[in-house]
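Q: Sharing a structure with you now.
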Amino acid sequence: MVEGIVLRDESPPPPALKLAYVYILNLPGVKRKSVFPATSPLIMAMKQTSTPKYRLIQAECWVFDLDNTLYPSTSDLFSQVDQRMTRFIADFLDMSLPEAAELRRTYYLEHGTTLAGLMALHGMHPEAFLDYVHDIDLTAVTPDPVLNQALSRLPGRKVIFTNGPTNHAVRILERLSISHHFEDIYDIVGADYIPKPKPEPYDALMRRCKLKPSLTVMVEDLARNLIPAAEMGMTTVWVRPAAVREQDDLVPAHVDHVVDYLAQWLGALTAE
Ligand SMILES: [Mg+2]
């Protein structure tokens with residue numbers, strides 16, 4: 001039984017309460033620092049007044065990011081993708097690998113994805129780039145029976161919303177043995193190469209999947225990609241990368257739930 005799980009309220013709580021959310025949502029056995037003891041009057045009051053977990057389970061649709069969300073960031077697939085992006089850029093723009101690596105980082109930060117920067121500033125055609133950078137070794141991604149069982153128990157439609165291409169998503173989902181849970185993959189091609197966190201693909205996804213934001217939960221490892229979802233009224237779940245798990249003061253205000261281990265969290269959420 002997970003206590004204190006809440007759906008996004010119409011008006012977000014003040015920052016102090018938002019912090020409190022984080023701590024009462026921790027799974028048993030996961031040791032956390034806390035600015036509010038779980039037994040404090042504030043937390044006890046929240047437990048009594050916050051929306052219980054059945055509201056989360058009653059979500060009509062779950063929107064999942066793919067990379068570093070459905071498999072752990074410790075799988076480190078993105079180091080392969082980054083290396084291949086750098087090599088592609090070096091060839092495409094005839095520059096050194098360090099120069100290409102710097103450009104990759106700059107475009108990622110300024111355009112949402114490296115691809116978006118290359119298309120906007122260099123007129124690059126995306127197909128060859130996407131094929132090349134996602135041609136990676138996936139042996140670090142293995143079947144996840146805990147996630148599979150949790151998704152089986154989780155009510156509601158489930159869709160993938162990724163800045164990558166569909167064929168990469170299909171490969172990952174097959175490696176995890178969870179493809180059968182998802183009714184749709186909304187990828188970067190379907191989004192006309194406009195990446196999260198730009199607002200356009202969120203609006204398009206909402207129309208495509210007929211989402212009702214107040215009944216939709218979005219799950220992501222990049223907190224910035226949850227900003228448009230929160231602004232639309234979705235409930236947001238941040239699957240926090242291992243590198244920032246000890247930095248509790250960095251939980252952004254637009255995040256409703258912080259999760260360190262998605263499969264275990266969903267498992268606890270859907271347990272009888
Ligand atoms: Mg991701």
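Labeling convention for the structure tokens: chains A, B, ... as they appear, residues from 1 per chain, ligands from 1 in order of appearance.
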Name the residues, by chain letter and number, that sit within 10 Å of ligand 1 using only C-alpha atoms and all ligand atoms, and give them as a list in words.
A: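 What falls inside 10 Å of ligand 1 is Phe64, Asp65, Leu66, Asp67, Asn68, Thr69, Leu70, Tyr71, Pro72, Ser73, Phe78, Phe161, Thr162, Asn163, Gly164, Val219, Glu220, Asp221, Leu222, Ala223, Asn225, Val239 and Pro241 of chain A.
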Q: The selected residues should be written to file as a CSV table (one decimal), in the first residue's frame (atoms: N, CA and C atoms).
A:
```csv
chain,number,residue,atom,x,y,z
A,64,PHE,N,4.0,7.6,-21.5
A,64,PHE,CA,5.3,7.2,-21.0
A,64,PHE,C,6.4,7.7,-22.0
A,65,ASP,N,7.4,8.4,-21.5
A,65,ASP,CA,8.6,8.6,-22.3
A,65,ASP,C,9.2,7.2,-22.4
A,66,LEU,N,10.2,7.1,-23.3
A,66,LEU,CA,10.8,5.8,-23.5
A,66,LEU,C,12.2,5.7,-22.9
A,67,ASP,N,13.2,6.4,-23.4
A,67,ASP,CA,14.6,6.2,-23.0
A,67,ASP,C,14.8,6.8,-21.6
A,68,ASN,N,15.5,6.0,-20.8
A,68,ASN,CA,15.9,6.3,-19.4
A,68,ASN,C,14.6,6.4,-18.6
A,69,THR,N,13.5,6.1,-19.1
A,69,THR,CA,12.2,6.1,-18.3
A,69,THR,C,11.8,4.6,-18.1
A,70,LEU,N,11.6,3.9,-19.2
A,70,LEU,CA,11.1,2.5,-19.1
A,70,LEU,C,12.3,1.6,-18.8
A,71,TYR,N,13.5,2.0,-19.1
A,71,TYR,CA,14.6,1.2,-18.6
A,71,TYR,C,15.5,2.2,-17.8
A,72,PRO,N,16.3,1.7,-16.9
A,72,PRO,CA,17.1,2.6,-16.0
A,72,PRO,C,18.2,3.3,-16.7
A,73,SER,N,18.4,4.6,-16.3
A,73,SER,CA,19.4,5.4,-16.9
A,73,SER,C,20.8,4.7,-16.7
A,78,PHE,N,22.6,6.0,-23.7
A,78,PHE,CA,22.8,7.2,-24.3
A,78,PHE,C,24.2,7.6,-24.5
A,161,PHE,N,5.5,8.3,-25.8
A,161,PHE,CA,5.8,9.7,-26.4
A,161,PHE,C,7.3,9.9,-26.3
A,162,THR,N,7.9,9.8,-27.5
A,162,THR,CA,9.4,9.8,-27.4
A,162,THR,C,10.0,10.8,-28.5
A,163,ASN,N,11.1,11.3,-28.1
A,163,ASN,CA,11.9,12.2,-29.1
A,163,ASN,C,12.7,11.3,-30.0
A,164,GLY,N,12.6,10.0,-29.9
A,164,GLY,CA,13.3,9.1,-30.8
A,164,GLY,C,12.4,8.6,-31.9
A,219,VAL,N,4.8,10.4,-17.6
A,219,VAL,CA,6.0,9.8,-16.9
A,219,VAL,C,7.2,10.1,-17.7
A,220,GLU,N,8.2,10.7,-17.1
A,220,GLU,CA,9.4,11.2,-17.9
A,220,GLU,C,10.7,11.2,-17.0
A,221,ASP,N,11.8,11.0,-17.6
A,221,ASP,CA,13.1,11.1,-16.8
A,221,ASP,C,13.6,12.5,-16.9
A,222,LEU,N,13.2,13.3,-17.9
A,222,LEU,CA,13.7,14.7,-18.1
A,222,LEU,C,12.7,15.6,-17.5
A,223,ALA,N,13.0,16.2,-16.4
A,223,ALA,CA,12.0,17.1,-15.7
A,223,ALA,C,11.5,18.2,-16.6
A,225,ASN,N,10.8,18.1,-19.7
A,225,ASN,CA,9.8,17.7,-20.6
A,225,ASN,C,8.4,17.5,-19.9
A,239,VAL,N,10.7,10.4,-13.3
A,239,VAL,CA,11.6,9.2,-13.0
A,239,VAL,C,13.0,9.8,-12.8
A,241,PRO,N,16.7,10.5,-12.5
A,241,PRO,CA,18.0,9.8,-12.9
A,241,PRO,C,18.8,9.5,-11.6
```
Q: Which distance in Å separates CA of Leu205 in chain A and CA of Ala268 in chain A, to one decimal?
A: 28.2 Å
Q: Mind giving me the straight-line distance from CA of Gly190 in chain A to CA of Leu266 in chain A in Å, one decimal?
A: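 According to the coordinates, CA of Gly190 in chain A and CA of Leu266 in chain A are separated by 28.0 Å.
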Q: May I have the residues within 12 Å of Lys158 in chain A as a VMD selection string, using only C-alpha atoms and disregarding those fewer than 4 positions away in the same chain?
A: chain A and resid 59 to 66 151 to 154 178 to 186 209 211 216 to 219
Q: Enter the distance from CA of Pro213 in chain A to CA of Tyr193 in chain A, in Å, rounded to one decimal.
A: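 Atom-to-atom, CA of Pro213 in chain A and CA of Tyr193 in chain A are spaced 22.9 Å apart.
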Q: Looking only at helix (DSSP H, G or I) from DSSP on the backbone, list the matching residues of range 163-224 of chain A as an MDAnalysis selection string.
A: chainID A and resid 166:176 179:181 199:208 213:215 223:224
Q: Give me, as an NGL selection string, the residues of range 27-243 of chain A that a backbone DSSP run labels strand (DSSP E).
A: :A and (61-64 or 157-161 or 184-186 or 216-220 or 235-239)
Q: Pick out the closest residue to Val259 in chain A from this set: A:Ile136, A:Val244, A:Leu115, A:Leu176. Count only C-alpha atoms.
A: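 Selected residue with least distance to Val259 in chain A: A:Val244.
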Q: With only C-alpha atoms as the counted atoms, please give the residues lying no more than 10 Å from Gly117 in chain A, apart from itself and same-chain residues fewer than 4 positions off, as a PyMOL selection string.
A: chain A and resi 103-104+106-113+121-124
Q: With N, CA and C atoms kept, could you save the residues just selected as a compact mmCIF listing (two decimals), in the first residue's frame?
A:
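Printed below is part-v5.txt as written:
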```
# COMPACT_ATOMS: atom_id res chain seq x y z
N LEU A 103 29.09 20.94 -30.32
CA LEU A 103 27.91 21.36 -31.09
C LEU A 103 26.70 20.51 -30.70
N ARG A 104 26.93 19.23 -30.50
CA ARG A 104 25.84 18.34 -30.09
C ARG A 104 25.21 18.83 -28.80
N THR A 106 25.34 21.84 -27.46
CA THR A 106 24.72 23.16 -27.66
C THR A 106 23.36 23.03 -28.32
N TYR A 107 23.28 22.21 -29.38
CA TYR A 107 22.01 22.07 -30.08
C TYR A 107 20.97 21.39 -29.19
N TYR A 108 21.42 20.43 -28.39
CA TYR A 108 20.50 19.74 -27.47
C TYR A 108 19.86 20.74 -26.51
N LEU A 109 20.69 21.61 -25.96
CA LEU A 109 20.18 22.57 -24.97
C LEU A 109 19.33 23.65 -25.62
N GLU A 110 19.75 24.08 -26.80
CA GLU A 110 19.07 25.24 -27.41
C GLU A 110 17.87 24.86 -28.28
N HIS A 111 17.84 23.63 -28.76
CA HIS A 111 16.77 23.24 -29.70
C HIS A 111 15.94 22.07 -29.21
N GLY A 112 16.20 21.54 -28.02
CA GLY A 112 15.44 20.41 -27.50
C GLY A 112 16.09 19.09 -27.84
N THR A 113 16.53 18.95 -29.07
CA THR A 113 17.33 17.77 -29.47
C THR A 113 18.45 18.24 -30.39
N LEU A 121 19.49 24.63 -38.48
CA LEU A 121 20.63 25.47 -38.83
C LEU A 121 21.44 24.96 -40.01
N HIS A 122 21.27 23.67 -40.33
CA HIS A 122 22.09 23.11 -41.42
C HIS A 122 21.25 22.42 -42.50
N GLY A 123 19.93 22.47 -42.34
CA GLY A 123 19.08 21.87 -43.36
C GLY A 123 19.26 20.37 -43.51
N MET A 124 19.67 19.71 -42.45
CA MET A 124 19.96 18.28 -42.55
C MET A 124 18.67 17.48 -42.69
```
Q: Find the spatial neighbours of Gln149 in chain A, counting only C-alpha atoms, within a cut-off of 9 Å - ignore same-chain residues fewer than 5 positions away - and output them as a list in words.
A: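 After dropping sequence-adjacent residues, the list is Asp144, Leu154, Ala263 and Gly267 of chain A.
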Q: Could you write those residues out with C-alpha atoms, as an mmCIF file, in the first residue's frame?
A:
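Heads up, here's the output in again_7.cif:
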```
data_model
loop_
_atom_site.group_PDB
_atom_site.id
_atom_site.type_symbol
_atom_site.label_atom_id
_atom_site.label_comp_id
_atom_site.auth_asym_id
_atom_site.auth_seq_id
_atom_site.Cartn_x
_atom_site.Cartn_y
_atom_site.Cartn_z
ATOM 1 C CA ASP A 144 11.598 -6.537 -16.910
ATOM 2 C CA LEU A 154 -2.375 -0.688 -14.229
ATOM 3 C CA ALA A 263 8.758 -0.628 -11.962
ATOM 4 C CA GLY A 267 4.102 -2.320 -8.660
#
```
